[in-house]
There are 4 protein chains.
Amino acid sequence: MNVAVVGATGYIGDTLVKLLAGHPKANLKVVTSRSKSGQAVSKVIPALRGVLDDLNFDLSDPETLAARDDIDCFFLAVPHGTATEYARPLVDAGKKVFDVSADYRTSSAEKYEEFYGPHPDPDLLKEAQYVLPEITPEGWQSKSIFALPGCYPTSIIPPLYPLLQAGVIGKEHIVVNSVSGASGAGRKVHEDFIYCEVTENAKSYSIPKHRHLSEIEEQLGHAGRGDVVIQFNPHLVPMKRGIATTITVPAGNSSLDELYDCWRSAYSNRPFIYVLDSSERPQTSATIGTNRLDIAAVKDERTGNFVIMSAEDNLMKGAAGQGIQIMNLWQGWDEATGL
Amino acid sequence: MNVAVVGATGYIGDTLVKLLAGHPKANLKVVTSRSKSGQAVSKVIPALRGVLDDLNFDLSDPETLAARDDIDCFFLAVPHGTATEYARPLVDAGKKVFDVSADYRTSSAEKYEEFYGPHPDPDLLKEAQYVLPEITPEGWQSKSIFALPGCYPTSIIPPLYPLLQAGVIGKEHIVVNSVSGASGAGRKVHEDFIYCEVTENAKSYSIPKHRHLSEIEEQLGHAGRGDVVIQFNPHLVPMKRGIATTITVPAGNSSLDELYDCWRSAYSNRPFIYVLDSSERPQTSATIGTNRLDIAAVKDERTGNFVIMSAEDNLMKGAAGQGIQIMNLWQGWDEATGL
Amino acid sequence: MNVAVVGATGYIGDTLVKLLAGHPKANLKVVTSRSKSGQAVSKVIPALRGVLDDLNFDLSDPETLAARDDIDCFFLAVPHGTATEYARPLVDAGKKVFDVSADYRTSSAEKYEEFYGPHPDPDLLKEAQYVLPEITPEGWQSKSIFALPGCYPTSIIPPLYPLLQAGVIGKEHIVVNSVSGASGAGRKVHEDFIYCEVTENAKSYSIPKHRHLSEIEEQLGHAGRGDVVIQFNPHLVPMKRGIATTITVPAGNSSLDELYDCWRSAYSNRPFIYVLDSSERPQTSATIGTNRLDIAAVKDERTGNFVIMSAEDNLMKGAAGQGIQIMNLWQGWDEATGL
Amino acid sequence: MNVAVVGATGYIGDTLVKLLAGHPKANLKVVTSRSKSGQAVSKVIPALRGVLDDLNFDLSDPETLAARDDIDCFFLAVPHGTATEYARPLVDAGKKVFDVSADYRTSSAEKYEEFYGPHPDPDLLKEAQYVLPEITPEGWQSKSIFALPGCYPTSIIPPLYPLLQAGVIGKEHIVVNSVSGASGAGRKVHEDFIYCEVTENAKSYSIPKHRHLSEIEEQLGHAGRGDVVIQFNPHLVPMKRGIATTITVPAGNSSLDELYDCWRSAYSNRPFIYVLDSSERPQTSATIGTNRLDIAAVKDERTGNFVIMSAEDNLMKGAAGQGIQIMNLWQGWDEATGL
């Protein structure tokens, strides 16, 4: 199967390119970039030196890409708003679109607008499906656009979803704190992200209404307990990659065993959600370069809360790795192929 | 006034030594260390090269120190449990003790035992006073032992205390998440703290019952709302210094203006608790090398919570700097002298 | 082919385990550790969670390992001095030994003693061969022990060797400066390597006689210009992985083109020594996770020197990756298999 | 004495502002910035919160500044090329100019042009004096413009100058390798300096002709051995602040004692050049926040070279701190005042 990556110079884009270059069943055919067009991919992404030296960045416009008969599957690693420019002609041409941006993560244009501004192409929302592979019910494969979850949501939704669904926890007083490395902001050339400003610094940001709340709350709302509103406090810390999330939620009458039984039942046969013992702590370094989300929980008998912790590589399970996992599942391959 | 620092080779101890070496009113007379005894202080603490080249580490035992007529004031920068070995003879000799350890932070031996194990000298607790200068009521100067607050508590108690006292917030559902640099663990030679394990890694630890909860909850309990139990989730992130704390607490009927009025009334004349605008975000890098705690808050209209954020240098306002501040206040000097 | 890794809890050892766990032709059968014996490998090396969950650390002694009929190939990732304890019985039993330590890197016990102290088993030196795959002449495969080069030597020997051999450079006034990340010291639990001491710090060390000079100078001596003595200045900088080396050597009458021709002739068909354009700069981040050594050079017309630069991942091409490459070549597989 | 800082939002500028805010004899009167004009200085430079809350950034043009009767002394912390726009009117108005830029570091416009392009105001060069306080001969105080040395030169010239002057070393085969933190590039918003590109990365750059060679070689040329040409290899490593320099130079017939005697004779009464024992190693972390340059040397008996090592804080002794030191000396104050 031939694949294209559109916008391959960001951190998610270049991770997709690296993964696809080593994928045993997908063939990376086209890699586009506005800024690097004409250059060898291996000049810009040094991990590919000696591996993929004969592919150059392409500057194809959406229509030209849509007209390629030899390519079925397009990863869009471009900013929200821009993704639509590619998605529309590709979908019209019958292609499958894997979208890294936020453009198709919410099912409603109103919710999108509340968090991102007016949706550039609301009609296309019905062709799209948010796919968090361990959560999203079967049947998603038939849609044209697969919206890849954001990095924070991937660390937050899987530990909570089955617990809400099973009633092990309620939906009140859910407090989520996350810390993220700087690549979560992409290859952003802004004073706030230069080395001297990020190193030896920790701070919260986007409080109280980070954009990822739109997809987190929509997905958690599907668990059957009604609308969910959570407190989400993201932080930037001096790392390149990695998200660690810590969630506090009242345990009510539930025991830690019930929580773990629920998780094990949901995830024991899924390779990429890994349930640690309650005595172990997820840590980002354990996940870097892998497609795993590690999760663990304790019950705090003093406060009556569960404290749920997770860790992931934001560029892998939180973005590009999950995209490959979704491609594998869509094709009916083992979900771990090439990961 | 002549001063001694006992145990000056840890990160808090060497910060105390640097601050005292530059203090215009205190004279650093004795610096002790078991491991570095006999060596020049400036060989071990390079910031003192050319500044304090003629002082050597001393190996005096507690009794010898207590017998020094020329020294009134002793900073103990030794581990909990060990502090008592020095505190007892020093107090008996009529000296003032500034204790960095946890030995005198709780007023009750039972509470100490719950978090740290049996207290080594409970009788001495009545001679001691926990001093968080902006919170602790006047009168503490007469005690023999001043217990310096822990690094996390200094970032947590000041933003909450006046709000609890004034009823701007209640005591239920207080969730505190903090991230700390590695110096919070001291100069700890353990595999978990070697560079390769800490860099590019974020993780929670000591959940659910970090030892600092003992002093946090005791102090917040003095605010007049009865016993306080909080959720406290500490994290280690790849920094040398700095703590950033984010607190979620239901706002009830209170407005953000009420919160800010309460803070300004409490802290407007105190140089070391700095109230940022609600649109600003405390960040640890802004506080490194200073004795400031920066605080800010927002109200999340979606969840009905206040989100309160603070940042400090854990070795300064969170430890050594606050110790100097307390010394200054005890002596009746400007609290910012030498800071 | 079944393989064992002895001493798998250091940074080189765990990298070997990860590589072998994913190698398509080698089967990782035994992994030993004194400190982690009995524990699941995937508990200690989290990259293997979900990948290799059924293998436990073993505590086999050298004789037991030597008696295993099912294993042909042993990687020794133990400190120098200890390697010999395993090498002797394994060689006697006809096994192939891949030794990460320094025990068999020099051909002479005298040279070893000069840099490391008395050699623990000099008789075994004649069974051993130093293997830097792109340099070492064919025929090494018949030896019993393959001594893997050190991390620094791998960044220094390949750029210099063909130039010396071809007479493009002479052997006088060769000055080598290298900077290394902290994993070069292994998983060393020592105060000098805790996070707070390494971060935001750069320093030279082991000047003037770093132990790796023994193998660097022996190998360069084989280039046919007589004994070679170089200046080698290593430095520690705040990174986990990576070595960047900068070499100054008088160009004499040679041109930059001659240098590049020599390199291209030596390495154009070798996947793991990658010759960059003279305008490009090797950087460690470009090599992390790969088995590549990137090299480039400029001629400084002002000084008449060549400045030669290289970069590698010290745990990959500088250690474990090169070990796998050697195993592949020994077996007659493509040298990039599993890399 | 009233002082102004022009261009105070770069890393050198803000360090100057912090130092001047705490200086006991200088009064910081004006702080200018094009981008932050009108904002409170303490909003932009958080170290000044609570310290200097009533000073705002100013947008004065050069002529307005020159007309200020109340200010005698101007620090220019603007890029090269721009400094001249301020220097000309200030000098014409009889002010003293402390220039952080490169505009007046070379005495010849031709040398400047070779490294920086055409000099914007060559006539002014004769009013200027390069001041490296421990090297520059007395008499410099009468000039109008004091050119502050660059960060690398400050780490390179002092260890070499007295040795060249005394004939302890010759001028041939001097090889200088330096590693620098990212603040050496200033607050540069460029993709190469974003956190994710700098962290976990080491690389050389500006080889073979870094601009600082112009001042290094001019100053070393004053040592009396004729024109000096050196090999200079700078590197960027993942730190915020700090430069570590390692110099290789043939020892000839000189002994290490002769080298140390020469250094001690030159620097024993200077507080900011600190001669370490030959067994000690300069390290950047030991100098951060101080105005010290630490130096040490060994003799490599194998190669016949001296290896000379130095470390400094590039923003202090390498820039702003040295500027304050020069101001102190010019005023006849103790050179360590406020440092």
# chains A, B, ... in the order shown; residues from 1 in each chain; ligands from 1

call {"tool": "select_by_dssp", "arguments": {"residues": "stretch 169-334 of chain C", "states": "helix (DSSP H, G or I)", "output": "PyMOL selection string"}}
result
chain C and resi 182-185+191-193+195-198+213-221+256-267+284-286+320-331

call {"tool": "interface_residues", "arguments": {"of": "chain C", "to": "chain B", "cutoff": "8 Å", "atoms": "only C-alpha atoms", "output": "JSON, numbers by chain"}}
result
{"C": [182, 183, 187, 188, 189, 190, 191, 193, 194, 195, 196, 198, 199, 239, 240]}

call {"tool": "residues_around", "arguments": {"residues": "D:Gly221", "least_positions_apart": "5", "cutoff": "10 Å", "atoms": "only C-alpha atoms", "output": "list in words"}}
result
Tyr161, Leu164, Gln165, Lys171, Glu215, Ile216, Gly226, Asp227, Val228 and Val229 of chain D

call {"tool": "write_last_selection", "arguments": {"atoms": "all heavy atoms", "output": "mmCIF file, in the first residue's frame"}}
result
data_model
loop_
_atom_site.group_PDB
_atom_site.id
_atom_site.type_symbol
_atom_site.label_atom_id
_atom_site.label_comp_id
_atom_site.auth_asym_id
_atom_site.auth_seq_id
_atom_site.Cartn_x
_atom_site.Cartn_y
_atom_site.Cartn_z
ATOM 1 N N TYR D 161 47.552 35.021 27.359
ATOM 2 C CA TYR D 161 48.302 36.263 27.198
ATOM 3 C C TYR D 161 49.604 36.306 28.014
ATOM 4 O O TYR D 161 50.686 36.512 27.456
ATOM 5 C CB TYR D 161 47.389 37.449 27.527
ATOM 6 C CG TYR D 161 47.996 38.779 27.176
ATOM 7 C CD1 TYR D 161 47.758 39.372 25.944
ATOM 8 C CD2 TYR D 161 48.815 39.448 28.086
ATOM 9 C CE1 TYR D 161 48.320 40.597 25.619
ATOM 10 C CE2 TYR D 161 49.382 40.669 27.756
ATOM 11 C CZ TYR D 161 49.131 41.242 26.531
ATOM 12 O OH TYR D 161 49.696 42.440 26.211
ATOM 13 N N LEU D 164 52.261 33.831 26.667
ATOM 14 C CA LEU D 164 52.895 34.285 25.426
ATOM 15 C C LEU D 164 53.882 35.405 25.718
ATOM 16 O O LEU D 164 55.011 35.416 25.221
ATOM 17 C CB LEU D 164 51.822 34.814 24.456
ATOM 18 C CG LEU D 164 51.117 33.806 23.566
ATOM 19 C CD1 LEU D 164 49.932 34.474 22.872
ATOM 20 C CD2 LEU D 164 52.079 33.235 22.504
ATOM 21 N N GLN D 165 53.430 36.334 26.547
ATOM 22 C CA GLN D 165 54.253 37.502 26.852
ATOM 23 C C GLN D 165 55.568 37.090 27.512
ATOM 24 O O GLN D 165 56.635 37.613 27.190
ATOM 25 C CB GLN D 165 53.464 38.417 27.781
ATOM 26 C CG GLN D 165 54.014 39.823 27.872
ATOM 27 C CD GLN D 165 53.083 40.719 28.678
ATOM 28 O OE1 GLN D 165 52.477 40.284 29.660
ATOM 29 N NE2 GLN D 165 52.966 41.971 28.261
ATOM 30 N N LYS D 171 53.756 30.708 19.829
ATOM 31 C CA LYS D 171 52.466 31.024 19.218
ATOM 32 C C LYS D 171 52.047 30.015 18.151
ATOM 33 O O LYS D 171 51.013 30.188 17.506
ATOM 34 C CB LYS D 171 52.511 32.429 18.624
ATOM 35 C CG LYS D 171 53.528 32.587 17.526
ATOM 36 C CD LYS D 171 53.526 33.991 16.950
ATOM 37 C CE LYS D 171 54.370 33.994 15.688
ATOM 38 N NZ LYS D 171 54.198 35.202 14.892
ATOM 39 N N GLU D 215 39.103 39.583 17.481
ATOM 40 C CA GLU D 215 39.599 40.221 18.707
ATOM 41 C C GLU D 215 40.594 39.344 19.460
ATOM 42 O O GLU D 215 41.563 39.832 20.041
ATOM 43 C CB GLU D 215 38.440 40.632 19.628
ATOM 44 C CG GLU D 215 37.516 39.483 20.004
ATOM 45 C CD GLU D 215 36.302 39.918 20.828
ATOM 46 O OE1 GLU D 215 36.474 40.226 22.018
ATOM 47 O OE2 GLU D 215 35.174 39.911 20.280
ATOM 48 N N ILE D 216 40.384 38.032 19.421
ATOM 49 C CA ILE D 216 41.326 37.132 20.113
ATOM 50 C C ILE D 216 42.728 37.314 19.541
ATOM 51 O O ILE D 216 43.696 37.525 20.281
ATOM 52 C CB ILE D 216 40.885 35.655 19.956
ATOM 53 C CG1 ILE D 216 39.544 35.399 20.649
ATOM 54 C CG2 ILE D 216 41.967 34.715 20.511
ATOM 55 C CD1 ILE D 216 38.904 34.061 20.297
ATOM 56 N N GLY D 226 54.612 38.737 17.892
ATOM 57 C CA GLY D 226 54.221 38.883 16.493
ATOM 58 C C GLY D 226 52.788 38.420 16.273
ATOM 59 O O GLY D 226 52.079 38.076 17.230
ATOM 60 N N ASP D 227 52.386 38.390 15.025
ATOM 61 C CA ASP D 227 51.009 38.015 14.696
ATOM 62 C C ASP D 227 50.712 36.592 15.162
ATOM 63 O O ASP D 227 51.537 35.689 14.992
ATOM 64 C CB ASP D 227 50.784 38.098 13.190
ATOM 65 C CG ASP D 227 50.715 39.557 12.733
ATOM 66 O OD1 ASP D 227 50.675 40.452 13.595
ATOM 67 O OD2 ASP D 227 50.735 39.777 11.510
ATOM 68 N N VAL D 228 49.549 36.429 15.702
ATOM 69 C CA VAL D 228 49.130 35.125 16.213
ATOM 70 C C VAL D 228 47.932 34.640 15.408
ATOM 71 O O VAL D 228 46.985 35.404 15.184
ATOM 72 C CB VAL D 228 48.753 35.224 17.713
ATOM 73 C CG1 VAL D 228 48.220 33.899 18.225
ATOM 74 C CG2 VAL D 228 49.945 35.688 18.540
ATOM 75 N N VAL D 229 47.998 33.408 14.962
ATOM 76 C CA VAL D 229 46.860 32.792 14.269
ATOM 77 C C VAL D 229 46.542 31.493 14.994
ATOM 78 O O VAL D 229 47.427 30.652 15.173
ATOM 79 C CB VAL D 229 47.178 32.501 12.789
ATOM 80 C CG1 VAL D 229 46.011 31.796 12.116
ATOM 81 C CG2 VAL D 229 47.512 33.794 12.061
#

call {"tool": "atom_distance", "arguments": {"atom1": "atom CA of C:Pro46", "atom2": "atom CA of B:Ile207"}}
result
20.8 Å

call {"tool": "residues_around", "arguments": {"residues": "stretch 298-308 of chain A", "least_positions_apart": "4", "cutoff": "7 Å", "atoms": "only C-alpha atoms", "output": "VMD selection string"}}
result
(chain A and resid 246 to 251 256 278) or (chain B and resid 208 229 to 231)

call {"tool": "write_last_selection", "arguments": {"atoms": "N, CA and C atoms", "output": "compact mmCIF listing (two decimals), in the first residue's frame"}}
result
# COMPACT_ATOMS: atom_id res chain seq x y z
N THR A 246 -1.76 13.20 35.69
CA THR A 246 -2.20 12.75 37.01
C THR A 246 -3.64 13.23 37.21
N ILE A 247 -4.51 12.28 37.48
CA ILE A 247 -5.95 12.56 37.56
C ILE A 247 -6.44 12.24 38.97
N THR A 248 -7.16 13.18 39.55
CA THR A 248 -7.78 12.96 40.85
C THR A 248 -9.29 12.86 40.64
N VAL A 249 -9.89 11.81 41.19
CA VAL A 249 -11.35 11.65 41.05
C VAL A 249 -11.87 10.92 42.29
N PRO A 250 -12.97 11.38 42.84
CA PRO A 250 -13.50 10.70 44.04
C PRO A 250 -13.78 9.22 43.74
N ALA A 251 -13.38 8.37 44.68
CA ALA A 251 -13.57 6.93 44.49
C ALA A 251 -14.98 6.48 44.84
N LEU A 256 -10.01 -0.10 44.88
CA LEU A 256 -8.94 -0.11 43.89
C LEU A 256 -9.00 -1.38 43.05
N SER A 278 -0.26 -1.14 41.01
CA SER A 278 -0.56 0.09 41.77
C SER A 278 0.69 0.65 42.44
N PRO B 208 0.05 8.19 47.74
CA PRO B 208 -0.79 9.30 48.13
C PRO B 208 -0.37 10.02 49.42
N VAL B 229 -7.98 18.24 55.03
CA VAL B 229 -7.31 17.11 54.37
C VAL B 229 -7.28 17.41 52.88
N ILE B 230 -6.10 17.37 52.30
CA ILE B 230 -5.99 17.72 50.88
C ILE B 230 -5.39 16.58 50.08
N GLN B 231 -5.66 16.63 48.80
CA GLN B 231 -5.01 15.72 47.86
C GLN B 231 -3.73 16.38 47.40

call {"tool": "closest_residue", "arguments": {"among": "D:Thr287, D:Ser37, D:Gln219, D:Asn27", "to": "D:Asp70", "atoms": "only C-alpha atoms"}}
result
D:Asn27

call {"tool": "closest_residue", "arguments": {"among": "C:Pro24, C:Gly242, C:Gly184, C:Gly289", "to": "A:Ala47", "atoms": "only C-alpha atoms"}}
result
C:Gly289
